[in-house]
Amino acid sequence: MTGLAYRTVIFDVDSTLSRIEGIEWLAALRGPDVASRITDVTERAMRGELLFEGIYAARLDAVRPTETEVAALGQAYIDKVTDGARDAVAALNKGGARVVIVSGGIRTAVLAFAQFLGVPERDVHAVPLRFDDNGEYAGYYDGHPCARQFGKRNLVTSLELERPSLAVGDGITDAEMKPVVDAFAAFTGVVNRKEIVDLADFELRNFPDLVTRILT
């Protein structure tokens, strides 16, 4: 290995670094009817059939996760880490690449997962929730870019990350970063969405392949 194909690697979390969709995991705590409804709208949004901000608040209002449940989600991300993801992050860190997480997930849970992976807090971007004094859901920070359509693209632009950069993810909000990075890879190791693969510069089926592409 003589160099880096990409100086910065930007990862999605849900169905990429971890095999679960966080909001679906939380929805399952509310029973099969809520879980089915949330799974359907999430899938449609990830395929680009629904505007992301149009469903973000609605999903959270339907689930209303408690502070305790969000903490449990952080552990669920860890328990369901995608094969090879932790080793890949370690290899990228060792090789000198900067790993950044840009997620539409819940910040507290994503931070716990990022710590497990070895990604520092300064490089973790996800949506904060608010809770009342009893730990009940009290809303989310709707001004966060990751809660909006094209928000990941705008956030990455504002970060002014070192180039060349690679974005890796499974959904439309990840593909939207393509104009502001040097390449977008559709990660299909958890879920394969043809619409996203068609938008990508290339497809990644697993994390060892990713490391091979980056550490040249």
# chains A, B, ... in the order shown; residues from 1 in each chain; ligands from 1
>>> residues_around(residues="range 18-28 of chain A", least_positions_apart="6", cutoff="10 Å", atoms="only C-alpha atoms", output="PyMOL selection string")
chain A and resi 12+34-40+42-43+56+59-60+62-66+69-70+72-74+76-83+85-86+104-106+109-110+113+189-191
>>> closest_atom_pairs(of="range 113-142 of chain A", to="range 155-174 of chain A", cutoff="12 Å", atoms="only C-alpha atoms", output="JSON lines")
{"residue": "A:Arg122", "atom": "CA", "partner": "A:Leu159", "partner_atom": "CA", "distance": 11.1}
{"residue": "A:Asp123", "atom": "CA", "partner": "A:Leu159", "partner_atom": "CA", "distance": 9.8}
{"residue": "A:Val124", "atom": "CA", "partner": "A:Leu159", "partner_atom": "CA", "distance": 11.5}
{"residue": "A:His125", "atom": "CA", "partner": "A:Leu155", "partner_atom": "CA", "distance": 8.7}
{"residue": "A:Ala126", "atom": "CA", "partner": "A:Leu155", "partner_atom": "CA", "distance": 10.6}
>>> write_last_selection(atoms="N, CA, C and O atoms", output="PDB file, in the first residue's frame")
ATOM      1  N   ARG A 122     -16.105  14.896  17.084  1.00  0.00           N
ATOM      2  CA  ARG A 122     -16.048  16.066  16.201  1.00  0.00           C
ATOM      3  C   ARG A 122     -16.395  15.710  14.761  1.00  0.00           C
ATOM      4  O   ARG A 122     -16.772  16.589  13.964  1.00  0.00           O
ATOM      5  N   ASP A 123     -16.292  14.435  14.415  1.00  0.00           N
ATOM      6  CA  ASP A 123     -16.560  14.002  13.045  1.00  0.00           C
ATOM      7  C   ASP A 123     -17.875  13.229  12.933  1.00  0.00           C
ATOM      8  O   ASP A 123     -18.078  12.465  11.983  1.00  0.00           O
ATOM      9  N   VAL A 124     -18.764  13.448  13.896  1.00  0.00           N
ATOM     10  CA  VAL A 124     -20.071  12.783  13.887  1.00  0.00           C
ATOM     11  C   VAL A 124     -21.164  13.836  13.753  1.00  0.00           C
ATOM     12  O   VAL A 124     -21.261  14.765  14.566  1.00  0.00           O
ATOM     13  N   HIS A 125     -21.984  13.694  12.731  1.00  0.00           N
ATOM     14  CA  HIS A 125     -23.052  14.652  12.451  1.00  0.00           C
ATOM     15  C   HIS A 125     -24.367  13.882  12.320  1.00  0.00           C
ATOM     16  O   HIS A 125     -24.537  13.074  11.408  1.00  0.00           O
ATOM     17  N   ALA A 126     -25.277  14.119  13.272  1.00  0.00           N
ATOM     18  CA  ALA A 126     -26.586  13.461  13.287  1.00  0.00           C
ATOM     19  C   ALA A 126     -27.555  14.387  14.013  1.00  0.00           C
ATOM     20  O   ALA A 126     -27.150  15.426  14.552  1.00  0.00           O
TER      21      ALA A 126
END
>>> closest_residue(among="A:Ala57, A:Val119, A:Ala45, A:Val197", to="Tyr141 in chain A", atoms="only C-alpha atoms")
A:Ala57
>>> residues_around(residues="Glu176 in chain A", least_positions_apart="6", cutoff="12 Å", atoms="only C-alpha atoms", output="ChimeraX atom specification")
/A:46-48,52,146,148-157,167-170,183-186,196,199-200
>>> write_last_selection(atoms="C-alpha atoms", output="compact mmCIF listing (two decimals), in the first residue's frame")
# COMPACT_ATOMS: atom_id res chain seq x y z
CA MET A 46 -34.65 6.12 0.75
CA ARG A 47 -35.61 5.33 -2.84
CA GLY A 48 -36.37 8.99 -3.47
CA PHE A 52 -37.13 13.32 3.41
CA CYS A 146 -29.45 15.93 8.19
CA ARG A 148 -33.77 17.74 5.46
CA GLN A 149 -33.64 16.84 1.78
CA PHE A 150 -30.22 17.78 0.36
CA GLY A 151 -29.13 18.43 3.95
CA LYS A 152 -26.23 15.98 3.86
CA ARG A 153 -24.95 17.68 0.71
CA ASN A 154 -25.16 21.11 2.32
CA LEU A 155 -23.49 19.90 5.51
CA VAL A 156 -20.59 18.29 3.67
CA THR A 157 -20.09 21.49 1.69
CA ALA A 167 -19.32 9.30 0.30
CA VAL A 168 -20.67 5.83 1.12
CA GLY A 169 -24.33 5.03 1.77
CA ASP A 170 -27.46 3.18 0.73
CA ALA A 183 -17.12 9.94 -5.70
CA PHE A 184 -20.26 8.34 -4.29
CA ALA A 185 -20.35 4.60 -3.59
CA ALA A 186 -23.65 2.78 -3.17
CA ILE A 196 -29.22 4.28 -5.75
CA LEU A 199 -26.77 7.03 -9.32
CA ALA A 200 -23.47 5.87 -7.86
>>> residues_around(residues="Asp132 in chain A", least_positions_apart="6", cutoff="10 Å", atoms="only C-alpha atoms", output="VMD selection string")
chain A and resid 66 to 67 138 to 139
>>> write_last_selection(atoms="N, CA and C atoms", output="CSV table (one decimal), in the first residue's frame")
chain,number,residue,atom,x,y,z
A,66,THR,N,-38.3,7.4,23.8
A,66,THR,CA,-37.9,7.9,25.0
A,66,THR,C,-36.3,8.0,25.1
A,67,GLU,N,-35.8,8.7,26.0
A,67,GLU,CA,-34.4,8.8,26.2
A,67,GLU,C,-33.8,7.5,26.4
A,138,ALA,N,-39.7,15.1,23.3
A,138,ALA,CA,-40.2,16.4,23.3
A,138,ALA,C,-39.8,17.2,22.0
A,139,GLY,N,-39.5,16.4,20.9
A,139,GLY,CA,-39.2,17.0,19.7
A,139,GLY,C,-37.7,16.8,19.2
>>> closest_residue(among="A:Phe207, A:Val89, A:Asp61, A:Asp201", to="Lys178 in chain A", atoms="only C-alpha atoms")
A:Asp201
>>> closest_residue(among="A:Asn206, A:Ser103, A:Thr16, A:Thr68", to="Gly84 in chain A", atoms="only C-alpha atoms")
A:Asn206
